[in-house]
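As provided, data39.cif (mmCIF, C-alpha atoms and all ligand atoms) reads as follows.
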data_protein
#
loop_
_atom_site.label_atom_id
_atom_site.label_comp_id
_atom_site.auth_asym_id
_atom_site.auth_seq_id
_atom_site.Cartn_x
_atom_site.Cartn_y
_atom_site.Cartn_z
CA MET A 1 0.52 -1.44 13.50
CA LYS A 2 -3.19 -1.43 14.23
CA VAL A 3 -5.17 1.27 12.43
CA THR A 4 -8.60 2.50 13.49
CA VAL A 5 -10.60 4.74 11.19
CA ARG A 6 -13.85 6.35 12.32
CA ASN A 7 -16.32 8.43 10.33
CA LEU A 8 -13.73 9.71 7.93
CA VAL A 9 -14.96 12.48 5.64
CA ARG A 10 -13.01 14.26 2.93
CA GLU A 11 -14.78 16.98 1.02
CA PHE A 12 -13.54 18.76 -2.08
CA GLY A 13 -16.01 21.62 -2.36
CA HIS A 14 -19.40 19.98 -2.78
CA LEU A 15 -17.92 16.57 -3.53
CA ARG A 16 -17.64 14.07 -0.71
CA ALA A 17 -14.73 11.87 -1.79
CA LEU A 18 -14.97 10.05 1.57
CA ASP A 19 -18.38 9.97 3.16
CA GLY A 20 -18.19 8.54 6.70
CA VAL A 21 -15.71 5.71 6.35
CA SER A 22 -15.10 3.50 9.43
CA PHE A 23 -13.02 0.34 9.67
CA ASP A 24 -10.22 -1.38 11.57
CA LEU A 25 -7.02 -2.66 10.08
CA ALA A 26 -5.57 -5.34 12.33
CA LYS A 27 -1.89 -5.70 13.09
CA GLN A 28 -0.25 -7.58 10.20
CA GLU A 29 -3.44 -7.62 8.17
CA ILE A 30 -3.46 -6.94 4.44
CA LEU A 31 -6.81 -5.27 3.79
CA CYS A 32 -7.80 -4.89 0.16
CA VAL A 33 -9.68 -1.70 -0.77
CA LEU A 34 -11.57 -2.44 -3.94
CA GLY A 35 -13.68 0.03 -5.88
CA PRO A 36 -14.22 1.65 -9.25
CA SER A 37 -12.28 4.67 -10.41
CA GLY A 38 -13.27 7.78 -8.44
CA SER A 39 -14.70 5.84 -5.49
CA GLY A 40 -12.33 7.47 -2.98
CA LYS A 41 -9.64 4.78 -2.68
CA GLY A 42 -6.74 7.11 -3.32
CA THR A 43 -8.18 9.77 -1.03
CA LEU A 44 -8.44 7.23 1.80
CA LEU A 45 -4.86 6.16 1.26
CA ARG A 46 -3.62 9.74 1.10
CA CYS A 47 -5.39 10.59 4.37
CA LEU A 48 -3.72 7.61 6.05
CA SER A 49 -0.32 8.60 4.69
CA GLY A 50 -0.55 12.19 5.89
CA LEU A 51 -0.38 13.51 2.30
CA ASP A 52 -3.98 14.70 2.62
CA HIS A 53 -6.08 15.79 5.58
CA PRO A 54 -9.61 14.59 6.26
CA THR A 55 -12.37 17.17 6.65
CA ALA A 56 -13.71 15.22 9.65
CA GLY A 57 -13.22 11.92 11.42
CA THR A 58 -10.49 10.13 13.33
CA ILE A 59 -7.49 8.02 12.43
CA LEU A 60 -5.77 6.11 15.24
CA PHE A 61 -2.42 4.35 14.97
CA ASP A 62 -2.20 1.78 17.77
CA GLU A 63 -5.02 3.61 19.60
CA GLN A 64 -3.27 7.01 19.39
CA PRO A 65 -4.64 9.81 17.23
CA MET A 66 -2.43 10.11 14.14
CA THR A 67 -2.34 13.86 14.63
CA ASP A 68 -0.84 13.44 18.12
CA ILE A 69 2.12 11.48 16.80
CA HIS A 70 5.08 13.18 15.15
CA ALA A 71 5.19 12.40 11.41
CA ASP A 72 8.71 10.92 11.73
CA ALA A 73 7.35 8.30 14.11
CA TRP A 74 4.46 7.19 11.88
CA ASN A 75 6.68 4.70 10.10
CA ILE A 76 4.52 4.47 7.01
CA SER A 77 5.63 3.61 3.49
CA VAL A 78 3.61 4.42 0.38
CA VAL A 79 3.96 2.81 -3.04
CA PHE A 80 2.18 4.51 -5.96
CA ASP A 81 1.16 3.07 -9.31
CA GLU A 82 4.04 4.77 -11.07
CA PRO A 83 7.35 3.75 -9.51
CA ARG A 84 8.86 7.12 -8.66
CA LEU A 85 12.53 6.24 -9.13
CA ILE A 86 15.42 8.66 -9.47
CA ASP A 87 16.85 8.07 -12.94
CA HIS A 88 20.42 9.12 -12.25
CA LEU A 89 20.75 6.88 -9.20
CA ALA A 90 21.51 3.17 -9.41
CA VAL A 91 19.01 0.68 -8.01
CA ARG A 92 21.10 0.39 -4.83
CA GLU A 93 20.86 4.13 -4.14
CA ASN A 94 17.19 4.26 -5.05
CA ILE A 95 16.43 1.60 -2.44
CA ALA A 96 18.72 3.26 0.12
CA LEU A 97 16.71 6.50 -0.20
CA GLY A 98 14.24 4.87 2.18
CA LEU A 99 16.95 4.89 4.86
CA LYS A 100 18.18 8.44 4.34
CA LYS A 101 16.72 9.78 7.56
CA LYS A 102 18.05 7.00 9.75
CA GLY A 103 21.65 8.24 9.88
CA TRP A 104 23.08 4.74 9.51
CA SER A 105 26.67 3.91 8.50
CA LYS A 106 27.33 3.05 4.85
CA GLU A 107 28.12 -0.49 5.87
CA LYS A 108 24.84 -0.97 7.67
CA ILE A 109 22.90 0.59 4.80
CA ASP A 110 24.63 -1.69 2.27
CA GLN A 111 23.88 -4.72 4.36
CA ARG A 112 20.23 -3.82 4.69
CA VAL A 113 19.84 -2.98 0.99
CA ASN A 114 21.52 -6.25 -0.01
CA GLN A 115 19.14 -8.19 2.17
CA ILE A 116 15.93 -6.61 0.90
CA ALA A 117 17.19 -6.76 -2.72
CA LYS A 118 17.65 -10.49 -2.33
CA GLU A 119 14.14 -10.87 -0.95
CA VAL A 120 12.50 -9.07 -3.85
CA GLY A 121 14.81 -10.72 -6.39
CA LEU A 122 16.86 -7.65 -7.33
CA ASP A 123 20.25 -8.73 -5.98
CA GLU A 124 21.70 -9.05 -9.50
CA MET A 125 20.50 -5.57 -10.46
CA LEU A 126 21.73 -3.32 -7.69
CA GLU A 127 24.26 -1.47 -9.83
CA ARG A 128 21.89 -0.93 -12.77
CA PHE A 129 20.01 2.27 -13.54
CA PRO A 130 16.20 2.55 -13.70
CA SER A 131 16.16 3.17 -17.47
CA THR A 132 17.53 -0.34 -18.04
CA LEU A 133 14.80 -2.06 -16.01
CA SER A 134 11.45 -3.53 -17.01
CA ALA A 135 8.21 -2.22 -15.49
CA GLY A 136 8.10 -5.19 -13.10
CA GLN A 137 11.68 -4.66 -11.98
CA LYS A 138 11.04 -0.95 -11.40
CA GLN A 139 7.99 -1.77 -9.33
CA ARG A 140 10.08 -4.15 -7.26
CA VAL A 141 12.63 -1.40 -6.64
CA SER A 142 9.78 0.80 -5.48
CA LEU A 143 8.54 -1.94 -3.13
CA ALA A 144 12.07 -2.60 -1.84
CA ARG A 145 12.51 1.10 -1.08
CA ALA A 146 9.26 1.05 0.89
CA LEU A 147 10.17 -2.09 2.82
CA VAL A 148 13.82 -1.34 3.51
CA ARG A 149 12.82 0.95 6.39
CA GLU A 150 10.84 -1.82 8.04
CA CYS A 151 7.69 0.26 7.98
CA ARG A 152 4.82 -0.71 10.24
CA LEU A 153 2.15 0.35 7.77
CA LEU A 154 2.47 -0.21 4.05
CA LEU A 155 0.10 1.69 1.76
CA LEU A 156 -0.14 0.48 -1.81
CA ASP A 157 -2.10 2.61 -4.29
CA GLU A 158 -2.73 0.56 -7.44
CA ALA A 159 0.92 -0.39 -7.11
CA LEU A 160 0.78 -3.33 -9.53
CA ASN A 161 -1.18 -1.60 -12.30
CA ASN A 162 1.67 -1.64 -14.77
CA LEU A 163 2.48 -5.30 -14.44
CA ASP A 164 1.20 -8.23 -16.48
CA GLU A 165 -0.92 -10.91 -14.88
CA MET A 166 1.91 -13.30 -14.10
CA LEU A 167 4.06 -10.64 -12.50
CA ARG A 168 1.15 -9.35 -10.45
CA LYS A 169 0.61 -12.84 -9.12
CA LYS A 170 4.29 -13.15 -8.25
CA MET A 171 4.34 -9.75 -6.53
CA ILE A 172 1.29 -10.60 -4.44
CA GLU A 173 2.87 -13.87 -3.36
CA LEU A 174 5.98 -11.89 -2.48
CA LEU A 175 3.94 -9.37 -0.51
CA LEU A 176 2.27 -12.12 1.53
CA LEU A 177 5.68 -13.64 2.22
CA LEU A 178 7.26 -10.32 3.22
CA ARG A 179 4.35 -9.60 5.54
CA GLU A 180 5.18 -12.84 7.38
CA HIS A 181 8.78 -11.74 7.66
CA TYR A 182 8.39 -8.04 8.49
CA GLY A 183 5.00 -8.00 10.17
CA PHE A 184 3.68 -4.79 8.61
CA SER A 185 -0.01 -4.00 8.22
CA CYS A 186 -1.06 -3.10 4.72
CA LEU A 187 -3.82 -1.25 2.94
CA TYR A 188 -3.90 -2.57 -0.60
CA VAL A 189 -5.82 -0.25 -2.91
CA THR A 190 -6.88 -1.65 -6.27
CA HIS A 191 -9.69 -1.67 -8.82
CA SER A 192 -8.76 -5.22 -9.81
CA ARG A 193 -10.96 -8.09 -8.64
CA ALA A 194 -8.24 -10.49 -9.73
CA GLU A 195 -5.85 -8.95 -7.22
CA ALA A 196 -8.46 -9.09 -4.45
CA ALA A 197 -8.97 -12.78 -5.21
CA LEU A 198 -5.23 -13.46 -5.08
CA LEU A 199 -4.88 -11.70 -1.74
CA ASN A 200 -7.81 -13.76 -0.47
CA GLY A 201 -8.18 -11.77 2.78
CA ARG A 202 -10.67 -9.14 3.90
CA VAL A 203 -11.90 -6.75 1.24
CA MET A 204 -13.52 -3.34 1.60
CA ILE A 205 -15.80 -2.46 -1.29
CA LEU A 206 -15.78 1.30 -1.67
CA ASP A 207 -18.21 3.23 -3.86
CA GLN A 208 -18.81 6.98 -3.96
CA GLY A 209 -16.88 7.44 -0.72
CA LYS A 210 -18.87 4.86 1.21
CA ILE A 211 -18.11 1.31 2.29
CA LEU A 212 -20.67 -0.96 0.65
CA GLN A 213 -19.36 -4.08 2.36
CA LEU A 214 -16.30 -5.21 4.29
CA ASP A 215 -15.90 -8.95 4.41
CA SER A 216 -13.62 -11.82 3.49
CA TRP A 217 -13.25 -12.29 -0.25
CA GLU A 218 -14.94 -15.66 0.07
CA ARG A 219 -17.98 -14.23 1.86
CA LEU A 220 -18.23 -11.33 -0.54
CA LYS A 221 -18.45 -13.73 -3.43
CA LYS A 222 -20.89 -16.03 -1.64
CA ALA A 223 -23.06 -13.44 0.07
CA PRO A 224 -22.83 -9.96 -1.44
CA ALA A 225 -24.73 -7.53 0.80
CA SER A 226 -26.46 -5.78 -2.07
CA ALA A 227 -27.15 -6.01 -5.76
CA ARG A 228 -24.58 -3.27 -6.28
CA VAL A 229 -21.82 -5.29 -4.66
CA ALA A 230 -22.83 -8.38 -6.62
CA ALA A 231 -22.81 -6.43 -9.88
CA PHE A 232 -19.43 -4.92 -9.13
CA LEU A 233 -17.93 -8.30 -8.35
CA GLU A 234 -19.34 -9.88 -11.45
CA ASP A 235 -18.52 -7.73 -14.45
P1 LIG A 301 -9.97 6.61 -6.75
O1 LIG A 301 -8.58 6.52 -6.24
O2 LIG A 301 -10.90 5.59 -6.15
O3 LIG A 301 -10.03 6.53 -8.25
P2 LIG A 301 -9.92 9.29 -5.66
O4 LIG A 301 -9.85 9.08 -4.20
O5 LIG A 301 -8.66 9.66 -6.33
O6 LIG A 301 -10.60 8.00 -6.36
O7 LIG A 301 -11.01 10.40 -5.96
C1 LIG A 301 -12.30 10.36 -5.40
C2 LIG A 301 -13.08 11.58 -5.88
O8 LIG A 301 -12.51 12.75 -5.31
C3 LIG A 301 -13.04 11.76 -7.38
O9 LIG A 301 -14.29 12.24 -7.78
C4 LIG A 301 -11.96 12.79 -7.58
O10 LIG A 301 -12.19 13.53 -8.73
C5 LIG A 301 -12.09 13.64 -6.33
N1 LIG A 301 -10.80 14.24 -5.93
C6 LIG A 301 -9.72 13.57 -5.51
N2 LIG A 301 -8.72 14.41 -5.18
C7 LIG A 301 -9.18 15.67 -5.43
C8 LIG A 301 -8.63 16.98 -5.29
N3 LIG A 301 -7.39 17.17 -4.85
N4 LIG A 301 -9.42 18.02 -5.63
C9 LIG A 301 -10.69 17.84 -6.07
N5 LIG A 301 -11.27 16.63 -6.21
C10 LIG A 301 -10.53 15.56 -5.90
MG MG A 302 -6.72 6.21 -7.35
#
Using the file provided, produce a representation of the structure as structure tokens.
Amino acid sequence: MKVTVRNLVREFGHLRALDGVSFDLAKQEILCVLGPSGSGKGTLLRCLSGLDHPTAGTILFDEQPMTDIHADAWNISVVFDEPRLIDHLAVRENIALGLKKKGWSKEKIDQRVNQIAKEVGLDEMLERFPSTLSAGQKQRVSLARALVRECRLLLLDEALNNLDEMLRKKMIELLLLLREHYGFSCLYVTHSRAEAALLNGRVMILDQGKILQLDSWERLKKAPASARVAAFLED
């Protein structure tokens, strides 16, 4: 899904968490949103997910105003930094939660869950409960639940925060692979430069609710638009 954002503003009282943000997310693009804590990353993601409402500005999904489309038809999945799993449900049921609204037969649901579990490497763990899983495995359940519905827009909010470096690398490789397979567009929110480097696509540098620069990772490193961007990329 193509996403167009124009002059997005989100105010909380006197605070402008988003201060005139404009960008395009191309179909099947993974756009990294990189910025320090409090820069407005989460607010941007929440506005795109419908969990929060901008004070001003426009969001278009495939050229149509988001607000003109029924929420059921948005087809967006969100993954947060804490995998929000249901403890008393096995991994299989946790993943199937993403399909609840579809009204599919049990057989079709099982088939779909088996397939996605295999892709994220959880096929041996479908009957286990969340409490028996590692942080990385839980995060993969969370990702599988988001992807099982074949969403057209995937929003990740610091989704790999709890994982060690090696697992983060593996998950990003997996994400790039799944994007090829499922063709979703993705907004990848992080404060980690290492993750931006691994994604190696376009990166939006956000600071105090404003885009400082939006460029390929390579160009950002080679030609930062300002001393602030350079400083942020360095330390
Ligand atoms: P980030 O995800 O980049 O760390 P956020 O988007 O969560 O930043 O927050 C941006 C700014 O908006 C912060 O100063 C934060 O305190 C403020 N903020 C976010 N949500 C709310 C809210 N619901 N009420 C008041 N202030 C908020
Ligand atoms: Mg945040």
Inset, instruction - Find the residues near region 129-133 of chain A: any atom within 8 Å, counting all atoms listed in the file, skip ones fewer than 6 places away on the same chain, and give them as a list in words. - result: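 Those residues are Leu85, Ile86, Asp87, His88, Leu89, Ala90 and Val91 of chain A.
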Legend entry - Spatial neighbours of Gln137 (chain A), max dist 12 Å, all atoms listed in the file, sep filter under 2 positions, as a ChimeraX atom specification: /A:83,85,91,117,120-126,128-135,139-144,160,162-164,167-168,170-171
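Every protein or nucleic acid residue with an atom no more than 9 Å from Gly40 (chain A), counting only C-alpha atoms and leaving out same-chain residues fewer than 2 positions away, appears here: Arg16, Ala17, Leu18, Asp19, Gly35, Pro36, Ser37, Gly38, Gly42, Thr43, Leu44, Leu45, Leu206, Asp207, Gln208, Gly209 and Lys210 of chain A.
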Inset, instruction - Go through A:Ser192, A:Ser105, A:Asn94, A:Ser39 and flag the residue nearest ligand LIG 301 (chain A), using only C-alpha atoms and all ligand atoms for the distances. - result: A:Ser39
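The space between CA of Asn161 (chain A) and CA of Ala231 (chain A) spans 22.3 Å.
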Legend entry - Proximity to Ala56 (chain A) - best of A:Leu153, A:Met204, A:Leu212, A:Val5, all atoms listed in the file: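 Once distances to Ala56 (chain A) are computed over all atoms listed in the file, the minimum belongs to A:Val5.
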Could you give me the centre and size, in Å to one decimal, of an axis-aligned box around all listed atoms of region 38-57 of chain A with 5 Å added on every side, as JSON?
{"center_x": -7.5, "center_y": 11.0, "center_z": 1.5, "size_x": 24.4, "size_y": 22.4, "size_z": 29.9}
Legend entry - Shortest interatomic distance to ligand MG 302 (chain A) - which of A:Asp157, A:Tyr188, A:Leu176, A:Arg219, counting all atoms listed in the file: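 Of the candidates, the smallest distance to ligand MG 302 (chain A) is held by A:Asp157.
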Inset, instruction - Calculate how many Å separate CA of Ile76 (chain A) from CA of Cys151 (chain A), rounding to one decimal. - result: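 These two atoms are separated by 5.4 Å.
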Inset, instruction - Compile the contact shell of Ala196 (chain A) as a PyMOL selection string: residues with an atom at most 10 Å away, counting all atoms listed in the file, same-chain residues fewer than 4 positions apart removed. - result: chain A and resi 31-34+172+188-192+200-204+216-217
Inset, instruction - Using CA of Asp72 (chain A) and CA of Gly103 (chain A) as the two end points, give the distance in Å to one decimal. - result: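 According to the coordinates, CA of Asp72 (chain A) and CA of Gly103 (chain A) are separated by 13.3 Å.
Using only C-alpha atoms, the smallest distance between any of A:Leu214, A:Ala73, A:Leu199, A:Ala225 and Lys169 (chain A) comes from A:Leu199.
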Legend entry - Of the listed residues A:Ala26, A:Ile211, A:Thr55, A:Asn75, that which approaches Ala146 (chain A) most closely, counting all atoms listed in the file: A:Asn75
Inset, instruction - Considering only C-alpha atoms and all ligand atoms, state which residue in the set A:Trp74, A:Phe184, A:Phe23, A:Phe80 is at the smallest distance from ligand LIG 301 (chain A). - result: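 The answer is A:Phe80, which sits nearest to ligand LIG 301 (chain A).
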Inset, instruction - Using only C-alpha atoms, determine which residues lie at most 7 Å from Ser22 (chain A), disregarding the query and same-chain residues fewer than 5 positions distant; provide the list as a PyMOL selection string. - result: chain A and resi 5-8
